[in-house]
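Next up, my_file.pdb (PDB, C-alpha atoms, pLDDT in the B column):
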ATOM      1  CA  MET A1085      -8.193 -18.275   5.013  1.00 44.00           C
ATOM      2  CA  GLY A1086      -8.689 -15.649   2.338  1.00 43.00           C
ATOM      3  CA  ARG A1087     -10.493 -12.441   1.614  1.00 41.00           C
ATOM      4  CA  LYS A1088     -14.258 -12.218   1.433  1.00 35.00           C
ATOM      5  CA  GLY A1089     -15.450  -9.661  -1.041  1.00 34.00           C
ATOM      6  CA  THR A1090     -13.062  -6.775  -1.331  1.00 36.00           C
ATOM      7  CA  ARG A1091     -11.937  -6.510   2.298  1.00 66.00           C
ATOM      8  CA  TYR A1092     -10.961  -8.698   5.200  1.00 76.00           C
ATOM      9  CA  SER A1093     -14.003  -9.788   7.130  1.00 77.00           C
ATOM     10  CA  GLU A1094     -14.300  -9.710  10.898  1.00 78.00           C
ATOM     11  CA  GLU A1095     -13.762 -13.485  10.950  1.00 81.00           C
ATOM     12  CA  ASP A1096     -10.570 -13.148   8.887  1.00 83.00           C
ATOM     13  CA  LYS A1097      -9.162 -10.559  11.284  1.00 85.00           C
ATOM     14  CA  LEU A1098      -9.953 -12.714  14.310  1.00 87.00           C
ATOM     15  CA  PHE A1099      -8.256 -15.662  12.598  1.00 88.00           C
ATOM     16  CA  TYR A1100      -4.980 -13.756  12.195  1.00 88.00           C
ATOM     17  CA  ILE A1101      -5.232 -12.266  15.683  1.00 90.00           C
ATOM     18  CA  LYS A1102      -5.600 -15.806  17.062  1.00 89.00           C
ATOM     19  CA  LEU A1103      -2.437 -16.823  15.208  1.00 91.00           C
ATOM     20  CA  VAL A1104      -0.549 -14.003  16.946  1.00 89.00           C
ATOM     21  CA  GLN A1105      -2.022 -15.000  20.292  1.00 89.00           C
ATOM     22  CA  ASP A1106      -0.759 -18.524  19.596  1.00 89.00           C
ATOM     23  CA  GLU A1107       2.729 -16.992  19.239  1.00 88.00           C
ATOM     24  CA  MET A1108       2.968 -16.913  15.456  1.00 90.00           C
ATOM     25  CA  SER A1109       4.862 -13.780  14.463  1.00 90.00           C
ATOM     26  CA  ALA A1110       3.372 -11.132  12.186  1.00 89.00           C
ATOM     27  CA  ASN A1111       6.324 -11.636   9.826  1.00 89.00           C
ATOM     28  CA  ALA A1112       5.537 -15.354   9.566  1.00 90.00           C
ATOM     29  CA  ILE A1113       1.870 -14.577   8.877  1.00 90.00           C
ATOM     30  CA  GLU A1114       2.855 -12.210   6.063  1.00 88.00           C
ATOM     31  CA  ARG A1115       5.111 -14.860   4.509  1.00 87.00           C
ATOM     32  CA  GLU A1116       2.530 -17.651   4.737  1.00 85.00           C
ATOM     33  CA  TYR A1117      -0.765 -15.809   4.125  1.00 84.00           C
ATOM     34  CA  GLY A1118       0.298 -12.653   2.285  1.00 84.00           C
ATOM     35  CA  VAL A1119      -1.247 -10.301   4.862  1.00 85.00           C
ATOM     36  CA  LYS A1120       0.869  -7.231   5.583  1.00 84.00           C
ATOM     37  CA  ARG A1121       2.750  -7.415   8.898  1.00 87.00           C
ATOM     38  CA  ASP A1122       1.704  -3.889   9.939  1.00 82.00           C
ATOM     39  CA  GLN A1123      -1.925  -4.676   9.109  1.00 82.00           C
ATOM     40  CA  VAL A1124      -1.909  -7.730  11.388  1.00 88.00           C
ATOM     41  CA  LEU A1125      -0.294  -5.776  14.230  1.00 86.00           C
ATOM     42  CA  GLN A1126      -2.872  -3.025  13.785  1.00 81.00           C
ATOM     43  CA  TRP A1127      -5.715  -5.526  14.144  1.00 84.00           C
ATOM     44  CA  VAL A1128      -4.102  -7.000  17.264  1.00 87.00           C
ATOM     45  CA  GLU A1129      -3.722  -3.555  18.830  1.00 82.00           C
ATOM     46  CA  ARG A1130      -7.327  -2.620  18.057  1.00 79.00           C
ATOM     47  CA  PHE A1131      -8.593  -5.908  19.454  1.00 82.00           C
ATOM     48  CA  ASN A1132      -6.564  -5.512  22.649  1.00 83.00           C
ATOM     49  CA  THR A1133      -7.905  -2.005  23.261  1.00 76.00           C
ATOM     50  CA  GLY A1134     -11.460  -2.195  21.914  1.00 74.00           C
ATOM     51  CA  GLY A1135     -12.395  -5.853  21.518  1.00 79.00           C
ATOM     52  CA  VAL A1136     -14.311  -7.316  18.582  1.00 78.00           C
ATOM     53  CA  ASP A1137     -16.260  -4.095  17.982  1.00 75.00           C
ATOM     54  CA  SER A1138     -13.051  -2.314  16.989  1.00 71.00           C
ATOM     55  CA  LEU A1139     -12.577  -4.778  14.111  1.00 74.00           C
ATOM     56  CA  ARG A1140     -15.862  -3.958  12.395  1.00 69.00           C
ATOM     57  CA  ARG A1141     -15.939  -1.809   9.288  1.00 64.00           C
ATOM     58  CA  ARG A1142     -15.990   1.888   9.941  1.00 61.00           C
ATOM     59  CA  PRO A1143     -17.905   4.494   7.918  1.00 58.00           C
ATOM     60  CA  GLN A1144     -15.783   5.731   5.042  1.00 61.00           C
ATOM     61  CA  ARG A1145     -13.927   8.914   5.955  1.00 70.00           C
ATOM     62  CA  THR A1146     -12.841  11.800   3.796  1.00 79.00           C
ATOM     63  CA  TYR A1147      -9.688  13.726   4.613  1.00 83.00           C
ATOM     64  CA  THR A1148      -8.942  17.375   3.973  1.00 85.00           C
ATOM     65  CA  PRO A1149      -5.775  18.261   2.009  1.00 84.00           C
ATOM     66  CA  GLU A1150      -4.588  20.152   5.111  1.00 84.00           C
ATOM     67  CA  LEU A1151      -4.794  17.025   7.264  1.00 88.00           C
ATOM     68  CA  MET A1152      -3.106  14.899   4.595  1.00 88.00           C
ATOM     69  CA  LEU A1153      -0.249  17.388   4.349  1.00 86.00           C
ATOM     70  CA  GLU A1154       0.115  17.519   8.129  1.00 89.00           C
ATOM     71  CA  VAL A1155       0.384  13.729   8.320  1.00 89.00           C
ATOM     72  CA  VAL A1156       2.836  13.528   5.392  1.00 87.00           C
ATOM     73  CA  GLN A1157       5.089  16.216   6.837  1.00 85.00           C
ATOM     74  CA  ALA A1158       5.002  14.514  10.225  1.00 86.00           C
ATOM     75  CA  TYR A1159       6.200  11.313   8.595  1.00 86.00           C
ATOM     76  CA  LEU A1160       8.912  13.024   6.537  1.00 84.00           C
ATOM     77  CA  ALA A1161      10.142  14.889   9.612  1.00 80.00           C
ATOM     78  CA  GLY A1162      11.175  11.512  11.020  1.00 81.00           C
ATOM     79  CA  GLY A1163      10.856   9.989  14.462  1.00 83.00           C
ATOM     80  CA  THR A1164       7.581   8.245  13.683  1.00 85.00           C
ATOM     81  CA  SER A1165       6.097   5.517  11.491  1.00 85.00           C
ATOM     82  CA  TYR A1166       2.970   4.727   9.480  1.00 83.00           C
ATOM     83  CA  PRO A1167       1.372   2.695  12.327  1.00 80.00           C
ATOM     84  CA  GLN A1168       2.112   5.421  14.876  1.00 84.00           C
ATOM     85  CA  LEU A1169       0.600   8.120  12.670  1.00 87.00           C
ATOM     86  CA  ALA A1170      -2.421   5.933  11.935  1.00 83.00           C
ATOM     87  CA  ARG A1171      -3.087   5.660  15.663  1.00 80.00           C
ATOM     88  CA  GLN A1172      -2.395   9.348  16.290  1.00 86.00           C
ATOM     89  CA  TYR A1173      -4.762  10.599  13.587  1.00 86.00           C
ATOM     90  CA  ASN A1174      -7.295   7.755  13.841  1.00 81.00           C
ATOM     91  CA  ILE A1175      -6.674   6.581  10.268  1.00 82.00           C
ATOM     92  CA  PRO A1176      -7.938   3.008   9.828  1.00 72.00           C
ATOM     93  CA  ASN A1177      -5.236   1.731   7.480  1.00 73.00           C
ATOM     94  CA  ASN A1178      -1.489   2.380   7.339  1.00 75.00           C
ATOM     95  CA  SER A1179      -1.518   2.069   3.544  1.00 76.00           C
ATOM     96  CA  VAL A1180      -3.620   5.254   3.322  1.00 83.00           C
ATOM     97  CA  ILE A1181      -0.711   7.257   4.737  1.00 87.00           C
ATOM     98  CA  PHE A1182       1.747   5.435   2.493  1.00 84.00           C
ATOM     99  CA  GLN A1183      -0.292   6.520  -0.554  1.00 84.00           C
ATOM    100  CA  TRP A1184      -0.287  10.140   0.637  1.00 87.00           C
ATOM    101  CA  VAL A1185       3.479  10.137   1.104  1.00 86.00           C
ATOM    102  CA  LYS A1186       3.950   8.473  -2.271  1.00 82.00           C
ATOM    103  CA  ARG A1187       1.854  11.097  -4.026  1.00 80.00           C
ATOM    104  CA  TYR A1188       3.473  14.004  -2.186  1.00 79.00           C
ATOM    105  CA  THR A1189       7.051  12.935  -2.916  1.00 78.00           C
ATOM    106  CA  SER A1190       6.090  12.291  -6.543  1.00 71.00           C
ATOM    107  CA  GLY A1191       4.985  15.904  -6.871  1.00 68.00           C
ATOM    108  CA  LYS A1192       1.268  15.072  -7.165  1.00 71.00           C
ATOM    109  CA  SER A1193      -1.540  16.949  -5.450  1.00 72.00           C
ATOM    110  CA  LEU A1194      -2.980  15.488  -2.267  1.00 76.00           C
ATOM    111  CA  LYS A1195      -6.410  16.847  -3.185  1.00 66.00           C
ATOM    112  CA  THR A1196      -7.026  13.938  -5.558  1.00 52.00           C
ATOM    113  CA  THR A1197      -6.310  11.143  -3.073  1.00 44.00           C
ATOM    114  CA  ARG A1198      -9.855  10.711  -1.768  1.00 44.00           C
ATOM    115  CA  ARG A1199     -11.021   7.149  -2.056  1.00 47.00           C
ATOM    116  CA  THR A1200     -13.018   6.353  -5.118  1.00 46.00           C
ATOM    117  CA  THR A1201     -15.737   3.739  -5.281  1.00 48.00           C
ATOM    118  CA  ARG A1202     -14.173   0.431  -6.181  1.00 51.00           C
ATOM    119  CA  MET A1203     -15.524  -1.446  -9.140  1.00 57.00           C
ATOM    120  CA  LYS A1204     -17.680  -4.333  -7.978  1.00 55.00           C
ATOM    121  CA  ASN A1205     -17.696  -6.493 -11.077  1.00 62.00           C
ATOM    122  CA  GLY A1206     -14.478  -5.360 -12.727  1.00 69.00           C
ATOM    123  CA  ARG A1207     -14.014  -5.131 -16.483  1.00 79.00           C
ATOM    124  CA  LYS A1208     -12.964  -7.359 -19.329  1.00 86.00           C
ATOM    125  CA  THR A1209      -9.204  -7.823 -19.732  1.00 87.00           C
ATOM    126  CA  GLU A1210      -6.781  -9.767 -21.900  1.00 87.00           C
ATOM    127  CA  GLN A1211      -4.142 -12.147 -20.583  1.00 87.00           C
ATOM    128  CA  VAL A1212      -1.256  -9.749 -21.233  1.00 87.00           C
ATOM    129  CA  GLU A1213      -2.937  -7.012 -19.226  1.00 88.00           C
ATOM    130  CA  ARG A1214      -3.709  -9.398 -16.360  1.00 89.00           C
ATOM    131  CA  ILE A1215      -0.052 -10.397 -16.226  1.00 90.00           C
ATOM    132  CA  GLU A1216       1.048  -6.765 -16.273  1.00 88.00           C
ATOM    133  CA  ILE A1217      -1.287  -5.947 -13.387  1.00 90.00           C
ATOM    134  CA  ALA A1218      -0.102  -8.928 -11.328  1.00 89.00           C
ATOM    135  CA  GLN A1219       3.524  -7.952 -11.943  1.00 88.00           C
ATOM    136  CA  TRP A1220       2.780  -4.337 -10.997  1.00 86.00           C
ATOM    137  CA  VAL A1221       1.249  -5.415  -7.673  1.00 87.00           C
ATOM    138  CA  ILE A1222       4.250  -7.590  -6.827  1.00 85.00           C
ATOM    139  CA  ALA A1223       6.711  -4.860  -7.867  1.00 82.00           C
ATOM    140  CA  ASN A1224       4.871  -2.406  -5.603  1.00 77.00           C
ATOM    141  CA  GLU A1225       4.987  -4.629  -2.516  1.00 76.00           C
ATOM    142  CA  MET A1226       1.507  -6.127  -2.924  1.00 81.00           C
ATOM    143  CA  ASP A1227      -0.320  -2.812  -3.336  1.00 80.00           C
ATOM    144  CA  TYR A1228      -3.712  -4.229  -4.369  1.00 81.00           C
ATOM    145  CA  VAL A1229      -5.581  -0.982  -3.681  1.00 78.00           C
ATOM    146  CA  GLY A1230      -3.150   1.049  -5.781  1.00 77.00           C
ATOM    147  CA  ALA A1231      -3.633  -1.357  -8.686  1.00 83.00           C
ATOM    148  CA  THR A1232      -7.412  -0.886  -8.651  1.00 83.00           C
ATOM    149  CA  THR A1233      -7.054   2.835  -9.338  1.00 79.00           C
ATOM    150  CA  HIS A1234      -3.968   2.592 -11.551  1.00 80.00           C
ATOM    151  CA  PHE A1235      -5.557   0.057 -13.930  1.00 84.00           C
ATOM    152  CA  ASN A1236      -9.279   0.707 -13.290  1.00 86.00           C
ATOM    153  CA  VAL A1237     -10.083  -2.865 -12.261  1.00 86.00           C
ATOM    154  CA  SER A1238     -11.818  -4.358  -9.240  1.00 85.00           C
ATOM    155  CA  TYR A1239     -10.075  -5.454  -6.064  1.00 80.00           C
ATOM    156  CA  GLY A1240     -11.388  -8.980  -6.465  1.00 82.00           C
ATOM    157  CA  GLN A1241      -9.904  -9.233  -9.956  1.00 86.00           C
ATOM    158  CA  VAL A1242      -6.502  -8.004  -8.810  1.00 86.00           C
ATOM    159  CA  TYR A1243      -6.368 -10.324  -5.820  1.00 85.00           C
ATOM    160  CA  ALA A1244      -7.339 -13.366  -7.912  1.00 87.00           C
ATOM    161  CA  TRP A1245      -4.846 -12.565 -10.688  1.00 89.00           C
ATOM    162  CA  VAL A1246      -1.944 -12.107  -8.303  1.00 89.00           C
ATOM    163  CA  LYS A1247      -2.775 -15.363  -6.534  1.00 88.00           C
ATOM    164  CA  LYS A1248      -2.974 -17.282  -9.825  1.00 88.00           C
ATOM    165  CA  PHE A1249       0.202 -15.648 -11.153  1.00 88.00           C
ATOM    166  CA  LYS A1250       2.188 -16.551  -8.027  1.00 87.00           C
ATOM    167  CA  GLN A1251       0.934 -20.128  -8.155  1.00 87.00           C
ATOM    168  CA  GLY A1252       1.081 -20.852 -11.886  1.00 85.00           C
ATOM    169  CA  GLY A1253       2.919 -18.060 -13.657  1.00 85.00           C
ATOM    170  CA  PRO A1254       1.705 -16.246 -16.821  1.00 84.00           C
ATOM    171  CA  ASP A1255      -0.115 -19.298 -18.239  1.00 84.00           C
ATOM    172  CA  ALA A1256      -2.413 -19.353 -15.200  1.00 85.00           C
ATOM    173  CA  LEU A1257      -3.921 -16.043 -16.290  1.00 87.00           C
ATOM    174  CA  ALA A1258      -5.129 -17.265 -19.670  1.00 82.00           C
ATOM    175  CA  ASP A1259      -8.887 -17.172 -20.298  1.00 72.00           C
ATOM    176  CA  ARG A1260      -9.729 -20.892 -20.417  1.00 61.00           C
ATOM    177  CA  ARG A1261     -13.320 -20.207 -21.419  1.00 57.00           C
ATOM    178  CA  GLY A1262     -12.161 -19.308 -24.917  1.00 49.00           C
ATOM    179  CA  LYS A1263      -9.058 -21.355 -25.581  1.00 47.00           C
ATOM    180  CA  ALA A1264      -8.571 -20.087 -29.093  1.00 46.00           C
ATOM    181  CA  LYS A1265      -9.142 -16.526 -27.976  1.00 46.00           C
ATOM    182  CA  GLU A1266      -5.817 -16.269 -26.165  1.00 46.00           C
ATOM    183  CA  ALA A1267      -3.858 -18.966 -28.016  1.00 49.00           C
ATOM    184  CA  ASN A1268      -4.149 -21.348 -25.069  1.00 49.00           C
ATOM    185  CA  GLY A1269      -2.252 -18.908 -22.892  1.00 54.00           C
ATOM    186  CA  GLN A1270       0.923 -19.034 -24.987  1.00 67.00           C
ATOM    187  CA  LEU A1271       2.414 -15.561 -25.268  1.00 71.00           C
ATOM    188  CA  THR A1272       4.675 -14.494 -28.112  1.00 77.00           C
ATOM    189  CA  GLU A1273       8.313 -13.685 -27.473  1.00 77.00           C
ATOM    190  CA  MET A1274       7.571 -10.009 -28.134  1.00 80.00           C
ATOM    191  CA  GLU A1275       4.736 -10.004 -25.591  1.00 75.00           C
ATOM    192  CA  LEU A1276       6.977 -11.625 -22.982  1.00 74.00           C
ATOM    193  CA  LYS A1277       9.721  -9.043 -23.582  1.00 77.00           C
ATOM    194  CA  ASP A1278       7.214  -6.203 -23.346  1.00 78.00           C
ATOM    195  CA  LEU A1279       5.847  -7.575 -20.067  1.00 76.00           C
ATOM    196  CA  GLU A1280       9.349  -7.839 -18.622  1.00 77.00           C
ATOM    197  CA  ILE A1281      10.036  -4.215 -19.571  1.00 78.00           C
ATOM    198  CA  ARG A1282       6.788  -3.128 -17.906  1.00 73.00           C
ATOM    199  CA  ARG A1283       7.644  -5.142 -14.780  1.00 75.00           C
ATOM    200  CA  LEU A1284      11.062  -3.510 -14.521  1.00 73.00           C
ATOM    201  CA  LYS A1285       9.572  -0.053 -15.067  1.00 72.00           C
ATOM    202  CA  ALA A1286       7.021  -0.654 -12.300  1.00 71.00           C
ATOM    203  CA  ARG A1287       9.752  -1.779  -9.917  1.00 69.00           C
ATOM    204  CA  LEU A1288      11.962   1.172 -10.869  1.00 69.00           C
ATOM    205  CA  ALA A1289       9.101   3.614 -10.262  1.00 68.00           C
ATOM    206  CA  HIS A1290       8.493   2.090  -6.825  1.00 63.00           C
ATOM    207  CA  VAL A1291      12.171   2.226  -5.856  1.00 66.00           C
ATOM    208  CA  SER A1292      12.418   5.791  -7.183  1.00 66.00           C
ATOM    209  CA  THR A1293       9.553   6.776  -4.891  1.00 62.00           C
ATOM    210  CA  GLU A1294      11.357   5.287  -1.913  1.00 63.00           C
ATOM    211  CA  VAL A1295      14.508   7.201  -2.881  1.00 65.00           C
ATOM    212  CA  ALA A1296      12.457  10.396  -3.214  1.00 66.00           C
ATOM    213  CA  VAL A1297      11.051   9.889   0.283  1.00 62.00           C
ATOM    214  CA  LEU A1298      14.564   9.383   1.663  1.00 65.00           C
ATOM    215  CA  LYS A1299      15.840  12.515  -0.096  1.00 68.00           C
ATOM    216  CA  LYS A1300      12.912  14.539   1.202  1.00 64.00           C
ATOM    217  CA  LEU A1301      13.587  13.264   4.723  1.00 62.00           C
ATOM    218  CA  GLN A1302      17.259  14.181   4.444  1.00 68.00           C
ATOM    219  CA  GLU A1303      16.250  17.630   3.212  1.00 70.00           C
ATOM    220  CA  PHE A1304      14.035  18.160   6.249  1.00 64.00           C
ATOM    221  CA  GLU A1305      16.846  16.944   8.523  1.00 67.00           C
ATOM    222  CA  ARG A1306      19.299  19.425   6.974  1.00 72.00           C
ATOM    223  CA  MET A1307      16.787  22.267   7.341  1.00 72.00           C
ATOM    224  CA  ASP A1308      16.164  21.309  10.968  1.00 67.00           C
ATOM    225  CA  ALA A1309      19.894  21.121  11.715  1.00 70.00           C
ATOM    226  CA  GLN A1310      20.488  24.525  10.095  1.00 72.00           C
ATOM    227  CA  GLN A1311      17.609  26.065  12.040  1.00 71.00           C
ATOM    228  CA  LYS A1312      18.976  24.727  15.330  1.00 66.00           C
ATOM    229  CA  LYS A1313      22.428  26.043  14.408  1.00 68.00           C
ATOM    230  CA  ASN A1314      21.031  29.500  13.632  1.00 68.00           C
ATOM    231  CA  ILE A1315      19.117  29.581  16.924  1.00 67.00           C
ATOM    232  CA  SER A1316      22.255  28.547  18.818  1.00 65.00           C
ATOM    233  CA  GLN A1317      24.337  31.252  17.126  1.00 64.00           C
ATOM    234  CA  PHE A1318      21.643  33.855  17.814  1.00 59.00           C
ATOM    235  CA  LYS A1319      21.518  32.976  21.526  1.00 59.00           C
ATOM    236  CA  HIS A1320      25.313  33.042  21.719  1.00 61.00           C
ATOM    237  CA  SER A1321      25.491  36.489  20.104  1.00 62.00           C
ATOM    238  CA  ARG A1322      22.861  37.886  22.502  1.00 59.00           C
ATOM    239  CA  LYS A1323      24.952  36.852  25.497  1.00 57.00           C
ATOM    240  CA  LYS A1324      27.972  38.902  24.375  1.00 55.00           C
TER     241      LYS A1324
END

Full structure transcribed into structure tokens:
Amino acid sequence: MGRKGTRYSEEDKLFYIKLVQDEMSANAIEREYGVKRDQVLQWVERFNTGGVDSLRRRPQRTYTPELMLEVVQAYLAGGTSYPQLARQYNIPNNSVIFQWVKRYTSGKSLKTTRRTTRMKNGRKTEQVERIEIAQWVIANEMDYVGATTHFNVSYGQVYAWVKKFKQGGPDALADRRGKAKEANGQLTEMELKDLEIRRLKARLAHVSTEVAVLKKLQEFERMDAQQKKNISQFKHSRKK
């Protein structure tokens, strides 16, 4: 059961919810179908509280920089999670918050994180670029949406390339309509080395972001601990 268009349809969501109801774990669904565990659990929670209507597409929202910052700081302060914040602030997708945190800890402005219109038909690409994009998605924990903006391609293209790459490797992304055009999918040794370097860079950037988030969290924890210590010392001195 796959995607229809650029998003999961109502029927898709009900399919995965039924799997959970039949006692298939969200982790098992992610392994077998490639649907994020948190996304499945979010659908189940919505269905349990609001029925089928809660699974239908909602009007696209825009978020103020102030709200984005509030949500990011709440996450970095600890004691919560992406799903909890999504419920608290009525944000339809956990990945939206993840993108905010990623941008914030990378030193980028939150003002530019509003959703842009996704390309419907995509654009022309070469095999090497398709491989790079597929590798980038995998290195970034299947971030299809991030790839659409990072590489300026459509969601449908990204999803199809990743699926082909996982099933058949680099050769599966050759353009078979023009066999001579891409040398029958055979990449040169230099192209393969360059793709491996790009893959490693993408993975390093993703891991670095996670480290930055952890450091920022530790910084907030130290500030909180120091503030509590100062308050305690102040109260103690007032009693004397």

Requested in this report: May I ask for the distance between atom CA of Glu1095 of chain A and atom CA of Gly1118 of chain A, given in Å to one decimal place?
Outcome: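 Those two atoms sit 16.5 Å apart.
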
### Atomic separation - atom CA of Val1119 of chain A relative to atom CA of Thr1133 of chain A, Å
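Between atom CA of Thr1133 of chain A and atom CA of Val1119 of chain A the gap is 21.3 Å.
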
Exercise. For atom CA of Trp1245 of chain A and atom CA of Lys1186 of chain A, quote the distance in Å rounded to one decimal.
Key: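 Result for atom CA of Trp1245 of chain A versus atom CA of Lys1186 of chain A: 24.3 Å, one decimal.
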
Counting all atoms listed in the file, what is within 7 Å of segment 1096-1108 of chain A, bar same-chain residues fewer than 4 positions away, as JSON, numbers by chain?
{"A": [1085, 1092, 1112, 1124, 1127, 1128]}

Nearest residue to Glu1213 of chain A from the set A:Val1185, A:Leu1276, A:Ala1158, A:Met1226 (distances using all atoms listed in the file):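 Under the stated criterion, the closest residue is A:Leu1276.
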
**Study point:** Explicit residues for the PyMOL selection byres ((chain A and resi 1218) around 8) (as a PyMOL selection string)
**Key:** chain A and resi 1214-1217+1219-1222+1242+1245-1246+1249

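Remark: for Pro1149 of chain A, the closest of the candidate residues A:Leu1194, A:Ala1286, A:Ala1258, A:Val1212 is A:Leu1194 (distances computed over all atoms listed in the file).
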
Please identify all polymer residues within 10 Å of Ser1179 of chain A, counting all atoms listed in the file, omitting same-chain residues fewer than 6 positions from it, and present them as a compact mmCIF listing (two decimals) with C-alpha atoms, in the coordinates of the input.
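Contents of the output file part_36.txt:
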# COMPACT_ATOMS: atom_id res chain seq x y z
CA LYS A 1120 0.87 -7.23 5.58
CA ASP A 1122 1.70 -3.89 9.94
CA GLN A 1123 -1.92 -4.68 9.11
CA TYR A 1166 2.97 4.73 9.48
CA PRO A 1167 1.37 2.70 12.33
CA ALA A 1170 -2.42 5.93 11.94
CA VAL A 1185 3.48 10.14 1.10
CA ASP A 1227 -0.32 -2.81 -3.34
CA VAL A 1229 -5.58 -0.98 -3.68
CA GLY A 1230 -3.15 1.05 -5.78

Residues matched by the PyMOL selection byres ((chain A and resi 1169) around 10), written as a list in words =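 Given this file, the PyMOL selection byres ((chain A and resi 1169) around 10) evaluates to Val1155, Val1156, Ala1158, Tyr1159, Thr1164, Ser1165, Tyr1166, Pro1167, Gln1168, Ala1170, Arg1171, Gln1172, Tyr1173, Asn1174, Ile1175, Asn1178 and Ile1181 of chain A.
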
Problem set entry | From A:Arg1130, A:Arg1283, A:Lys1192, A:Lys1247, residue lying nearest Asn1224 of chain A [only C-alpha atoms] |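 Selected residue with least distance to Asn1224 of chain A: A:Arg1283.
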
Padding 4 Å on every side, please: axis-aligned box over the listed atoms of segment 1121-1126 of chain A, centre and edge lengths to one decimal in Å, as lines of an AutoDock Vina configuration file.
center_x = -0.1
center_y = -5.4
center_z = 11.6
size_x = 13.6
size_y = 12.7
size_z = 13.3

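The shortest atom-to-atom distance to Glu1210 of chain A, with only C-alpha atoms taken into account, belongs to A:Leu1257 out of A:Met1274, A:Leu1153, A:Ile1281, A:Leu1257.
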